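*Asks:* Input file: query_19.txt. Contents: compact mmCIF, C-alpha atoms (C1' of nucleotides).
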```
# COMPACT_ATOMS: atom_id res chain seq x y z
CA MET G 10 99.53 85.38 94.35
CA ALA G 11 103.08 85.99 95.47
CA PHE G 12 105.29 88.87 94.40
CA ARG G 13 108.83 87.73 93.58
CA SER G 14 112.00 89.06 91.96
CA GLU G 15 113.76 92.36 92.00
CA ILE G 16 113.52 94.64 88.99
CA LEU G 17 114.99 98.04 88.15
CA ILE G 18 112.43 100.15 86.31
CA LYS G 19 112.83 103.53 84.62
CA LEU G 20 111.15 106.58 86.03
CA ASP G 21 110.60 108.79 82.98
CA LYS G 22 110.49 112.58 82.92
CA LYS G 23 106.71 112.46 83.02
CA GLY G 24 106.94 110.61 86.31
CA ARG G 25 105.66 107.35 84.94
CA VAL G 26 106.71 103.92 86.17
CA LEU G 27 106.02 100.53 84.69
CA LEU G 28 104.58 97.92 86.98
CA PRO G 29 106.46 94.93 85.54
CA ALA G 30 104.47 92.14 83.97
CA ALA G 31 105.72 89.77 86.67
CA PHE G 32 103.94 91.93 89.25
CA ARG G 33 100.86 92.72 87.19
CA ASP G 34 100.30 89.01 86.76
CA GLU G 35 100.08 88.66 90.54
CA LEU G 36 97.23 91.11 90.82
CA PRO G 37 93.81 89.45 91.13
CA ALA G 38 92.42 88.66 87.69
CA ASP G 39 89.28 90.66 88.39
CA ASP G 40 91.12 93.76 89.59
CA ARG G 41 94.07 94.39 87.31
CA GLY G 42 93.29 98.01 86.66
CA ALA G 43 94.51 99.44 89.94
CA PHE G 44 96.59 98.68 92.99
CA VAL G 45 97.63 100.37 96.23
CA LEU G 46 100.81 102.19 97.24
CA TYR G 47 101.46 103.12 100.87
CA HIS G 48 104.30 104.45 102.92
CA SER G 49 106.26 102.00 105.01
CA PRO G 50 104.96 102.34 108.56
CA ASN G 51 108.44 102.23 110.04
CA VAL G 52 111.13 102.64 107.40
CA ALA G 53 111.61 106.07 105.89
CA GLY G 54 112.22 106.12 102.16
CA VAL G 55 110.40 102.89 101.42
CA VAL G 56 107.06 102.60 99.66
CA ASN G 57 105.02 99.43 99.81
CA GLY G 58 102.59 98.14 97.21
CA ASN G 59 99.90 95.54 97.01
CA SER G 60 96.69 94.70 95.24
CA ARG G 61 93.63 96.41 96.58
CA SER G 62 92.36 93.16 98.00
CA GLY G 63 95.77 92.34 99.46
CA PHE G 64 95.94 95.71 101.15
CA ASP G 65 92.41 95.44 102.46
CA ALA G 66 93.13 91.96 103.79
CA MET G 67 96.11 93.32 105.68
CA LEU G 68 94.00 96.09 107.19
CA GLU G 69 91.43 93.53 108.21
CA ARG G 70 94.03 91.43 110.01
CA LEU G 71 95.37 94.59 111.59
CA ARG G 72 91.98 95.58 112.88
CA ILE G 73 91.38 92.20 114.44
CA GLU G 74 94.84 92.10 115.91
CA ALA G 75 94.75 95.62 117.26
CA LEU G 76 91.22 95.57 118.51
CA GLY G 77 91.93 93.69 121.70
CA THR G 78 89.12 94.28 124.13
CA LYS G 79 87.62 97.12 122.14
CA GLY G 80 84.79 96.42 119.77
CA ALA G 81 84.85 97.24 116.09
CA LEU G 82 82.12 99.75 116.70
CA LYS G 83 84.23 101.66 119.17
CA VAL G 84 87.12 101.82 116.75
CA ALA G 85 84.81 103.10 114.04
CA LEU G 86 83.43 105.88 116.22
CA ASP G 87 86.37 106.79 118.41
CA ASP G 88 88.40 109.48 116.68
CA GLU G 89 90.63 109.96 119.69
CA ALA G 90 92.17 106.50 119.94
CA PHE G 91 95.04 105.50 117.70
CA ASP G 92 93.88 103.30 114.84
CA PRO G 93 96.68 101.53 112.96
CA ALA G 94 94.45 100.56 110.06
CA GLY G 95 93.26 104.14 109.73
CA TYR G 96 96.83 105.35 109.85
CA LEU G 97 97.80 103.09 106.98
CA SER G 98 94.73 104.10 104.99
CA ALA G 99 95.77 107.72 105.25
CA SER G 100 99.27 106.89 104.06
CA ALA G 101 97.96 104.89 101.10
CA ARG G 102 96.73 105.77 97.66
CA THR G 103 94.83 103.81 95.08
CA ILE G 104 96.83 103.88 91.86
CA ALA G 105 95.23 103.39 88.46
CA LEU G 106 97.20 101.44 85.88
CA GLU G 107 97.30 102.60 82.29
CA PRO G 108 96.41 100.00 79.70
CA ASP G 109 100.10 99.43 78.98
CA GLY G 110 100.85 98.64 82.62
CA ARG G 111 102.36 101.96 83.65
CA PHE G 112 101.23 104.35 86.36
CA THR G 113 102.04 107.89 87.33
CA MET G 114 104.05 108.02 90.53
CA PRO G 115 102.34 110.45 92.92
CA THR G 116 104.63 113.25 94.04
CA GLU G 117 104.48 112.26 97.70
CA PHE G 118 105.92 108.82 96.95
CA ALA G 119 108.48 110.14 94.47
CA GLU G 120 109.76 112.43 97.21
CA THR G 121 109.89 109.62 99.72
CA LEU G 122 111.89 107.48 97.35
CA ASP G 123 114.09 110.37 96.31
CA ALA G 124 114.57 108.61 92.96
CA ASP G 125 115.35 110.63 89.87
CA ASP G 126 115.52 108.21 86.98
CA GLY G 127 114.80 104.73 88.30
CA VAL G 128 113.05 102.68 90.95
CA THR G 129 113.77 99.17 92.16
CA LEU G 130 110.70 96.98 92.56
CA VAL G 131 111.23 94.21 95.09
CA GLY G 132 108.89 91.26 95.53
CA LYS G 133 108.24 90.37 99.17
CA GLY G 134 105.76 87.57 98.69
CA ASP G 135 102.50 88.99 99.97
CA LYS G 136 103.44 92.54 98.99
CA PHE G 137 106.12 94.38 97.06
CA GLN G 138 108.29 97.39 97.74
CA LEU G 139 109.63 100.37 95.82
CA TRP G 140 113.14 101.45 96.68
CA ASN G 141 115.59 104.05 95.61
CA PRO G 142 117.95 101.79 93.61
CA ALA G 143 121.09 102.83 95.49
CA ARG G 144 119.48 102.43 98.87
CA TRP G 145 118.13 99.05 97.90
CA GLN G 146 121.60 97.84 96.95
CA ALA G 147 122.86 98.76 100.39
CA ARG G 148 119.92 97.16 102.09
CA ARG G 149 120.21 93.97 100.08
CA ASP G 150 123.91 93.65 100.84
CA ALA G 151 123.14 94.02 104.53
CA ASP G 152 120.34 91.49 104.27
CA ARG G 153 122.66 89.03 102.59
CA GLN G 154 124.86 88.97 105.70
CA LYS G 155 121.86 88.56 107.95
CA MET G 156 120.51 85.75 105.83
CA ALA G 157 123.78 83.86 105.93
CA ALA G 158 123.90 84.22 109.70
CA PHE G 159 120.29 83.14 109.95
CA VAL G 160 120.94 79.98 107.96
CA ARG G 161 123.98 79.21 110.08
CA GLY G 162 121.81 79.54 113.14
CA LEU G 163 119.30 77.12 111.68
CA SER G 164 121.82 74.37 110.97
CA ALA G 165 123.32 74.75 114.44
CA GLY G 166 119.93 74.31 116.03
CA GLU G 167 119.17 71.23 113.96
CA ALA G 168 122.46 69.44 114.62
CA MET F 23 84.87 101.60 98.62
CA ALA F 24 87.69 102.65 100.89
CA PHE F 25 88.82 106.19 101.51
CA ARG F 26 92.60 106.51 101.37
CA SER F 27 95.27 109.22 101.14
CA GLU F 28 95.75 112.57 102.72
CA ILE F 29 95.22 115.72 100.67
CA LEU F 30 95.48 119.43 101.41
CA ILE F 31 92.65 121.29 99.72
CA LYS F 32 92.13 125.03 99.38
CA LEU F 33 89.29 126.73 101.16
CA ASP F 34 88.52 129.73 98.96
CA LYS F 35 87.11 133.07 100.07
CA LYS F 36 83.66 131.93 99.02
CA GLY F 37 83.90 129.09 101.50
CA ARG F 38 84.09 126.39 98.86
CA VAL F 39 86.05 123.16 99.22
CA LEU F 40 86.85 120.56 96.60
CA LEU F 41 86.11 116.96 97.43
CA PRO F 42 89.11 115.42 95.65
CA ALA F 43 88.52 113.00 92.81
CA ALA F 44 90.07 110.21 94.86
CA PHE F 45 87.29 110.63 97.40
CA ARG F 46 84.48 111.28 94.94
CA ASP F 47 85.37 108.02 93.24
CA GLU F 48 84.70 106.17 96.47
CA LEU F 49 81.17 107.43 96.73
CA PRO F 50 78.56 104.92 95.53
CA ALA F 51 78.13 105.16 91.75
CA ASP F 52 74.41 105.82 92.14
CA ASP F 53 74.84 108.59 94.70
CA ARG F 54 77.68 110.84 93.67
CA GLY F 55 75.81 114.08 94.02
CA ALA F 56 75.89 114.37 97.78
CA PHE F 57 77.58 113.06 100.90
CA VAL F 58 77.43 113.53 104.67
CA LEU F 59 79.51 115.60 107.07
CA TYR F 60 79.22 115.16 110.82
CA HIS F 61 81.06 116.28 113.89
CA SER F 62 83.45 113.86 115.54
CA PRO F 63 81.66 112.43 118.57
CA ASN F 64 84.73 112.74 120.76
CA VAL F 65 87.39 114.98 119.23
CA ALA F 66 86.75 118.69 119.04
CA GLY F 67 87.88 120.32 115.84
CA VAL F 68 87.47 117.24 113.68
CA VAL F 69 84.75 116.75 111.09
CA ASN F 70 83.98 113.33 109.68
CA GLY F 71 82.62 112.56 106.25
CA ASN F 72 81.09 109.61 104.48
CA SER F 73 78.74 108.69 101.70
CA ARG F 74 75.10 108.85 102.60
CA SER F 75 74.85 105.08 102.51
CA GLY F 76 78.06 104.69 104.49
CA PHE F 77 76.81 107.04 107.17
CA ASP F 78 73.44 105.29 107.32
CA ALA F 79 75.13 101.91 107.57
CA MET F 80 77.16 103.16 110.52
CA LEU F 81 74.06 104.39 112.33
CA GLU F 82 72.37 101.09 111.66
CA ARG F 83 75.30 99.18 113.09
CA LEU F 84 75.34 101.48 116.08
CA ARG F 85 71.67 100.88 116.76
CA ILE F 86 71.89 97.12 116.43
CA GLU F 87 75.21 96.44 118.09
CA ALA F 88 75.09 98.96 120.88
CA LEU F 89 71.46 98.76 121.79
CA GLY F 90 70.24 95.41 120.53
CA THR F 91 66.98 94.94 118.69
CA LYS F 92 64.94 95.58 121.82
CA GLY F 93 66.93 98.63 122.73
CA ALA F 94 66.62 100.02 119.22
CA LEU F 95 62.89 99.70 119.40
CA LYS F 96 62.81 101.34 122.79
CA VAL F 97 64.90 104.23 121.54
CA ALA F 98 62.60 104.60 118.57
CA LEU F 99 59.68 105.17 120.92
CA ASP F 100 61.25 106.50 124.08
CA ASP F 101 62.18 110.14 123.61
CA GLU F 102 63.60 110.22 127.08
CA ALA F 103 66.29 107.58 126.52
CA PHE F 104 69.64 108.63 125.14
CA ASP F 105 70.02 107.64 121.48
CA PRO F 106 73.60 107.75 120.22
CA ALA F 107 72.57 107.28 116.59
CA GLY F 108 70.10 110.10 116.93
CA TYR F 109 72.81 112.25 118.44
CA LEU F 110 75.06 111.66 115.43
CA SER F 111 72.20 112.37 113.05
CA ALA F 112 71.67 115.71 114.69
CA SER F 113 75.33 116.60 114.27
CA ALA F 114 75.29 115.61 110.59
CA ARG F 115 74.39 117.43 107.42
CA THR F 116 73.82 116.23 103.90
CA ILE F 117 76.12 118.15 101.58
CA ALA F 118 75.33 118.65 97.92
CA LEU F 119 78.22 118.52 95.49
CA GLU F 120 78.47 121.00 92.66
CA PRO F 121 78.98 119.51 89.21
CA ASP F 122 82.70 120.24 89.41
CA GLY F 123 83.11 118.33 92.68
CA ARG F 124 83.14 121.26 95.09
CA PHE F 125 80.84 121.99 97.98
CA THR F 126 80.15 124.92 100.22
CA MET F 127 81.44 124.31 103.71
CA PRO F 128 78.63 124.99 106.19
CA THR F 129 79.54 127.62 108.74
CA GLU F 130 79.22 125.26 111.71
CA PHE F 131 81.90 122.96 110.30
CA ALA F 132 84.12 125.80 109.19
CA GLU F 133 84.07 127.10 112.75
CA THR F 134 84.82 123.68 114.16
CA LEU F 135 87.79 123.30 111.86
CA ASP F 136 88.96 126.85 112.43
CA ALA F 137 90.60 126.73 109.01
CA ASP F 138 91.14 129.93 107.08
CA ASP F 139 92.61 128.97 103.74
CA GLY F 140 92.91 125.18 103.62
CA VAL F 141 91.57 121.89 104.89
CA THR F 142 93.30 118.52 105.04
CA LEU F 143 91.20 115.59 103.91
CA VAL F 144 92.28 112.29 105.45
CA GLY F 145 91.11 108.87 104.29
CA LYS F 146 90.33 106.47 107.12
CA GLY F 147 89.03 103.53 105.13
CA ASP F 148 85.37 103.42 106.12
CA LYS F 149 85.13 107.17 106.36
CA PHE F 150 87.22 110.28 105.91
CA GLN F 151 88.04 113.25 108.08
CA LEU F 152 88.50 116.99 107.63
CA TRP F 153 91.21 118.59 109.72
CA ASN F 154 92.70 121.97 110.24
CA PRO F 155 96.01 121.43 108.35
CA ALA F 156 98.23 122.44 111.26
CA ARG F 157 96.35 120.34 113.75
CA TRP F 158 96.46 117.37 111.40
CA GLN F 159 100.22 117.64 111.09
CA ALA F 160 100.54 117.42 114.84
CA ARG F 161 98.16 114.50 115.06
CA ARG F 162 99.87 112.65 112.24
CA ASP F 163 103.28 113.09 113.79
CA ALA F 164 101.97 111.68 117.04
CA ASP F 165 100.33 108.80 115.20
CA ARG F 166 103.58 108.07 113.39
CA GLN F 167 105.26 107.43 116.72
CA LYS F 168 102.42 105.24 117.85
CA MET F 169 102.51 103.28 114.61
CA ALA F 170 106.24 102.61 114.96
CA ALA F 171 105.70 101.48 118.55
CA PHE F 172 102.83 99.30 117.43
CA VAL F 173 104.99 97.61 114.79
CA ARG F 174 107.79 97.09 117.31
CA GLY F 175 105.32 95.50 119.66
CA LEU F 176 104.22 93.06 117.01
CA SER F 177 107.71 91.84 116.16
CA ALA F 178 108.56 91.42 119.84
CA GLY F 179 105.58 89.18 120.28
CA GLU F 180 106.58 87.04 117.34
CA ALA F 181 110.14 86.41 118.41
C1' DG H 10 67.16 143.86 98.46
C1' DG H 11 71.20 141.76 99.86
C1' DA H 12 73.98 137.92 101.61
C1' DA H 13 74.74 133.38 100.48
C1' DA H 14 74.56 129.75 97.41
C1' DT H 15 74.78 128.09 92.68
C1' DC H 16 75.98 128.16 87.81
C1' DC H 17 79.15 128.98 84.41
C1' DC H 18 83.51 129.89 82.23
C1' DA H 19 88.64 130.20 82.44
C1' DT H 20 93.33 128.40 83.32
C1' DG H 21 97.57 125.99 84.55
C1' DA H 22 99.09 121.69 85.95
C1' DT H 23 98.84 117.01 85.91
C1' DA H 24 97.26 112.65 84.30
C1' DT H 25 95.64 109.75 80.66
C1' DC H 26 95.28 108.04 76.02
C1' DC H 27 97.25 106.68 71.97
C1' DC H 28 100.84 105.61 68.77
C1' DA H 29 105.69 104.42 67.91
C1' DT H 30 110.15 101.97 68.78
C1' DT H 31 113.28 98.51 70.30
C1' DG H 32 114.71 94.43 72.25
C1' DT H 33 113.77 89.88 73.92
C1' DA H 34 111.17 85.84 74.48
C1' DT H 35 108.13 82.54 72.18
C1' DC H 36 106.18 80.12 68.37
C1' DC H 37 105.73 77.74 64.13
C1' DC H 38 107.13 75.27 60.08
C1' DG H 39 109.37 72.27 57.41
C1' DC K 2 116.84 71.93 65.12
C1' DG K 3 117.38 76.45 62.62
C1' DG K 4 115.48 80.69 61.10
C1' DG K 5 112.74 83.79 60.75
C1' DA K 6 107.99 85.38 62.17
C1' DT K 7 105.35 86.81 65.94
C1' DA K 8 103.99 88.36 70.43
C1' DC K 9 104.86 90.94 74.29
C1' DA K 10 107.70 93.66 77.43
C1' DA K 11 109.71 98.08 78.46
C1' DT K 12 110.24 102.83 77.11
C1' DG K 13 109.57 107.54 74.65
C1' DG K 14 106.65 111.28 73.30
C1' DG K 15 102.60 114.09 71.21
C1' DA K 16 97.79 115.01 71.82
C1' DT K 17 93.87 115.13 74.78
C1' DA K 18 91.16 114.94 79.00
C1' DT K 19 90.61 115.72 83.77
C1' DC K 20 91.85 117.94 88.22
C1' DA K 21 92.20 121.67 91.29
C1' DT K 22 91.36 126.43 91.61
C1' DG K 23 89.85 131.35 90.74
C1' DG K 24 86.36 134.47 89.68
C1' DG K 25 82.27 136.70 87.28
C1' DA K 26 77.35 136.31 86.74
C1' DT K 27 72.93 134.61 88.11
C1' DT K 28 69.72 132.70 91.22
C1' DT K 29 67.74 131.75 95.77
C1' DC K 30 65.70 132.78 100.01
C1' DC K 31 64.28 135.28 104.19
```
Could you write out this structure as structure tokens?
*Replies:*
Amino acid sequence: MAFRSEILIKLDKKGRVLLPAAFRDELPADDRGAFVLYHSPNVAGVVNGNSRSGFDAMLERLRIEALGTKGALKVALDDEAFDPAGYLSASARTIALEPDGRFTMPTEFAETLDADDGVTLVGKGDKFQLWNPARWQARRDADRQKMAAFVRGLSAGEA
Amino acid sequence: MAFRSEILIKLDKKGRVLLPAAFRDELPADDRGAFVLYHSPNVAGVVNGNSRSGFDAMLERLRIEALGTKGALKVALDDEAFDPAGYLSASARTIALEPDGRFTMPTEFAETLDADDGVTLVGKGDKFQLWNPARWQARRDADRQKMAAFVRGLSAGEA
DNA sequence: GGAAATCCCATGATATCCCATTGTATCCCG
DNA sequence: CGGGATACAATGGGATATCATGGGATTTCC
């Protein structure tokens, strides 16, 4: 289960988006009917996606990581303390897939993306992202530079 | 069964509130007709909600983990000892859902929320919360900062 | 008997279902 | 290996169902 590739998908006037077959195939076989979209916790304009189980697994890791000295029970009861997993849950929505693999983009995410007629789906391995196509181009170009520099750094260290 | 998303719902002049479909769908299939509301144990103005079974499971966990088997037994018999699960039970009410998914907000919770024409429902995974919309905005903005800081902290540790 | 809760019906907006089209892979057959 | 034939991917659009909400009418309960 690893999301790969980068695909530009139409956003039709009804607000529907196709989850490409390459991504649908990465959803767990027993839960292909729905997945999760959630706002990026630290990048405005980016929406993340994952299978329900993938999202839940991330929350689980988060809880363990963030718990520290506090017990799970305290986190469950304490409404005052900041709870990263709870924060992500609030920013997430379960999205039902139509039989043909499309879904209706909720308004909140459409606004975040600020996309009018298309969305770029980007595989990130253990999750995927939705980008405004133009913004993604810019980001990818920037990443290309960083990747080249990163690889240079690797070879230097190995020599 | 995980409550997600954040939805602003009208509170009409009859005091009715809609439990959104996204939340109703997370109630156990065999118990969709009612759920539980209870006051936050440590934040004034916040009301928590869960399925009946979810609420019961939390109380059970509280009894076992916080008190131990012996302690739970003691609390069951000793009316003098403080019983956190009993305290929560007293602050809770079972709420019946109308066929169309709405419920009448009990006065005690309406007063706690201090909401006049709307309530924000917030999914927290294991439970959900009702907030006064304005107060929720403030809380969410604060949480957004904390989330960004939390993410920064993670990447620093990894480097 | 009257306030509060419940039932029922109405409505606009959105989401879902279903069918159709087109292009591109994939398959099959000799 | 060529040449359709076939399957499936991606998209468009009409019809239908469901969601969220308002409000009248009826019931419930001290």
*Asks:* With the cut-off set at 8 Å and counting only C-alpha atoms (C1' of nucleotides), tabulate each residue of chain F with an atom at most that distance from an atom of chain K, showing the nearest atom pair and its distance in Å to one decimal, ordered by chain and increasing number, as a tab-separated table.
*Replies:*
```
residue	atom	partner	partner_atom	distance
F:Lys32	CA	K:DT22	C1'	7.9
F:Leu40	CA	K:DA21	C1'	7.6
F:Ala43	CA	K:DC20	C1'	7.5
```
*Asks:* Go ahead and dump the residues you just picked, C-alpha atoms, as an mmCIF file, in the coordinates of the input.
*Replies:*
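File written: again39.cif
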```
data_model
loop_
_atom_site.group_PDB
_atom_site.id
_atom_site.type_symbol
_atom_site.label_atom_id
_atom_site.label_comp_id
_atom_site.auth_asym_id
_atom_site.auth_seq_id
_atom_site.Cartn_x
_atom_site.Cartn_y
_atom_site.Cartn_z
ATOM 1 C CA LYS F 32 92.130 125.030 99.380
ATOM 2 C CA LEU F 40 86.850 120.560 96.600
ATOM 3 C CA ALA F 43 88.520 113.000 92.810
#
```
*Asks:* Write out as a list of chain:residue names every residue belonging to chain F that has an atom at most 12 Å from any atom of chain H, counting all atoms listed in the file.
*Replies:*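 Listed by rising number, the hits are F:Lys36, F:Gly37, F:Arg38, F:Ala118, F:Leu119, F:Glu120, F:Pro121, F:Asp122, F:Arg124, F:Phe125, F:Thr126, F:Met127, F:Pro128, F:Thr129.
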*Asks:* With chain F held fixed, move chain G onto it by a least-squares fit of all C-alpha atoms in order and give the output as a short mmCIF file (atom, residue, chain, number, x, y, z; two decimals) with C-alpha atoms, in the frame of the given file.
*Replies:*
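Ended up saving to part31.cif:
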```cif
data_model
loop_
_atom_site.label_atom_id
_atom_site.label_comp_id
_atom_site.auth_asym_id
_atom_site.auth_seq_id
_atom_site.Cartn_x
_atom_site.Cartn_y
_atom_site.Cartn_z
CA MET G 10 85.11 101.73 98.49
CA ALA G 11 87.98 102.82 100.68
CA PHE G 12 89.09 106.39 101.28
CA ARG G 13 92.88 106.75 101.13
CA SER G 14 95.53 109.47 100.98
CA GLU G 15 95.91 112.83 102.60
CA ILE G 16 95.28 115.96 100.57
CA LEU G 17 95.49 119.67 101.34
CA ILE G 18 92.62 121.51 99.68
CA LYS G 19 91.97 125.25 99.39
CA LEU G 20 89.10 126.84 101.21
CA ASP G 21 88.21 129.83 99.04
CA LYS G 22 86.71 133.11 100.21
CA LYS G 23 83.27 131.88 99.23
CA GLY G 24 83.70 129.01 101.64
CA ARG G 25 83.93 126.37 98.97
CA VAL G 26 85.99 123.20 99.23
CA LEU G 27 86.83 120.66 96.58
CA LEU G 28 86.15 117.05 97.39
CA PRO G 29 89.19 115.58 95.61
CA ALA G 30 88.62 113.23 92.72
CA ALA G 31 90.26 110.43 94.72
CA PHE G 32 87.46 110.75 97.27
CA ARG G 33 84.63 111.39 94.83
CA ASP G 34 85.55 108.18 93.06
CA GLU G 35 84.94 106.28 96.29
CA LEU G 36 81.38 107.47 96.58
CA PRO G 37 78.81 104.92 95.37
CA ALA G 38 78.32 105.24 91.62
CA ASP G 39 74.60 105.78 92.05
CA ASP G 40 74.96 108.51 94.67
CA ARG G 41 77.76 110.83 93.63
CA GLY G 42 75.80 114.01 94.03
CA ALA G 43 75.92 114.27 97.80
CA PHE G 44 77.67 112.97 100.87
CA VAL G 45 77.54 113.42 104.64
CA LEU G 46 79.64 115.50 107.03
CA TYR G 47 79.37 115.02 110.79
CA HIS G 48 81.19 116.16 113.86
CA SER G 49 83.60 113.75 115.48
CA PRO G 50 81.77 112.22 118.44
CA ASN G 51 84.79 112.53 120.69
CA VAL G 52 87.49 114.73 119.18
CA ALA G 53 86.87 118.45 119.09
CA GLY G 54 87.95 120.19 115.91
CA VAL G 55 87.58 117.17 113.67
CA VAL G 56 84.87 116.67 111.07
CA ASN G 57 84.16 113.27 109.59
CA GLY G 58 82.78 112.51 106.15
CA ASN G 59 81.30 109.57 104.37
CA SER G 60 78.92 108.63 101.61
CA ARG G 61 75.29 108.69 102.54
CA SER G 62 75.12 104.93 102.40
CA GLY G 63 78.35 104.61 104.38
CA PHE G 64 77.01 106.89 107.07
CA ASP G 65 73.69 105.11 107.19
CA ALA G 66 75.45 101.76 107.44
CA MET G 67 77.41 103.03 110.41
CA LEU G 68 74.23 104.21 112.12
CA GLU G 69 72.67 100.84 111.48
CA ARG G 70 75.58 99.03 113.12
CA LEU G 71 75.41 101.52 115.96
CA ARG G 72 71.75 100.88 116.53
CA ILE G 73 72.23 97.14 116.65
CA GLU G 74 75.23 97.45 118.89
CA ALA G 75 73.65 99.93 121.25
CA LEU G 76 70.25 98.36 121.40
CA GLY G 77 71.15 95.64 123.85
CA THR G 78 68.00 94.36 125.46
CA LYS G 79 65.86 97.20 124.20
CA GLY G 80 63.86 96.74 121.05
CA ALA G 81 64.13 98.96 118.02
CA LEU G 82 60.61 100.11 118.65
CA LYS G 83 61.49 101.37 122.09
CA VAL G 84 64.42 103.32 120.76
CA ALA G 85 62.22 104.87 118.10
CA LEU G 86 59.61 106.00 120.61
CA ASP G 87 61.66 106.74 123.70
CA ASP G 88 62.77 110.36 123.59
CA GLU G 89 64.21 110.19 127.07
CA ALA G 90 66.87 107.53 126.57
CA PHE G 91 70.19 108.40 125.01
CA ASP G 92 70.35 107.32 121.38
CA PRO G 93 73.85 107.35 119.86
CA ALA G 94 72.57 107.05 116.31
CA GLY G 95 70.20 109.95 116.88
CA TYR G 96 73.01 111.97 118.37
CA LEU G 97 75.15 111.46 115.29
CA SER G 98 72.24 112.26 112.99
CA ALA G 99 71.82 115.60 114.71
CA SER G 100 75.51 116.36 114.32
CA ALA G 101 75.47 115.46 110.63
CA ARG G 102 74.50 117.26 107.48
CA THR G 103 73.86 116.07 103.98
CA ILE G 104 76.13 118.01 101.64
CA ALA G 105 75.33 118.51 97.97
CA LEU G 106 78.23 118.43 95.54
CA GLU G 107 78.40 120.92 92.71
CA PRO G 108 78.92 119.47 89.27
CA ASP G 109 82.62 120.32 89.44
CA GLY G 110 83.08 118.37 92.67
CA ARG G 111 83.09 121.27 95.12
CA PHE G 112 80.78 121.92 98.04
CA THR G 113 80.07 124.83 100.32
CA MET G 114 81.41 124.22 103.80
CA PRO G 115 78.59 124.86 106.29
CA THR G 116 79.50 127.49 108.86
CA GLU G 117 79.20 125.10 111.80
CA PHE G 118 81.91 122.84 110.37
CA ALA G 119 84.12 125.73 109.28
CA GLU G 120 84.06 126.97 112.86
CA THR G 121 84.86 123.55 114.23
CA LEU G 122 87.83 123.23 111.93
CA ASP G 123 88.92 126.79 112.55
CA ALA G 124 90.49 126.76 109.08
CA ASP G 125 90.90 129.99 107.17
CA ASP G 126 92.37 129.12 103.81
CA GLY G 127 92.81 125.36 103.65
CA VAL G 128 91.59 122.00 104.88
CA THR G 129 93.37 118.67 105.00
CA LEU G 130 91.31 115.73 103.79
CA VAL G 131 92.47 112.45 105.30
CA GLY G 132 91.35 109.04 104.08
CA LYS G 133 90.56 106.60 106.89
CA GLY G 134 89.39 103.65 104.85
CA ASP G 135 85.69 103.43 105.58
CA LYS G 136 85.38 107.18 106.13
CA PHE G 137 87.43 110.33 105.73
CA GLN G 138 88.21 113.28 107.94
CA LEU G 139 88.61 117.03 107.57
CA TRP G 140 91.31 118.63 109.67
CA ASN G 141 92.74 122.02 110.24
CA PRO G 142 96.03 121.55 108.33
CA ALA G 143 98.26 122.59 111.23
CA ARG G 144 96.45 120.41 113.71
CA TRP G 145 96.60 117.49 111.34
CA GLN G 146 100.37 117.82 111.04
CA ALA G 147 100.69 117.58 114.79
CA ARG G 148 98.34 114.66 114.99
CA ARG G 149 100.08 112.79 112.19
CA ASP G 150 103.49 113.27 113.79
CA ALA G 151 102.12 111.87 117.03
CA ASP G 152 100.52 108.97 115.19
CA ARG G 153 103.80 108.19 113.49
CA GLN G 154 105.40 107.51 116.88
CA LYS G 155 102.48 105.37 117.95
CA MET G 156 102.58 103.41 114.74
CA ALA G 157 106.27 102.67 115.10
CA ALA G 158 105.71 101.49 118.65
CA PHE G 159 102.76 99.41 117.53
CA VAL G 160 104.81 97.66 114.86
CA ARG G 161 107.59 97.01 117.36
CA GLY G 162 105.04 95.43 119.63
CA LEU G 163 103.84 93.20 116.82
CA SER G 164 107.27 91.83 115.96
CA ALA G 165 108.01 91.18 119.63
CA GLY G 166 104.84 89.18 119.99
CA GLU G 167 105.58 87.13 116.89
CA ALA G 168 109.17 86.25 117.79
#
```
*Asks:* Quick one: distance from CA of Phe131 in chain F to CA of Ala51 in chain F in Å, one decimal?
*Replies:*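 Between CA of Phe131 in chain F and CA of Ala51 in chain F the gap is 26.0 Å.
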*Asks:* Hey, can you check how far CA of Val131 in chain G sits from CA of Glu15 in chain G?
*Replies:* 4.4 Å
*Asks:* Excluding same-chain residues fewer than 3 positions from range 71-80 of chain F, what lies within 6 Å of it counting all atoms listed in the file, as a count of residues only?
*Replies:* 8
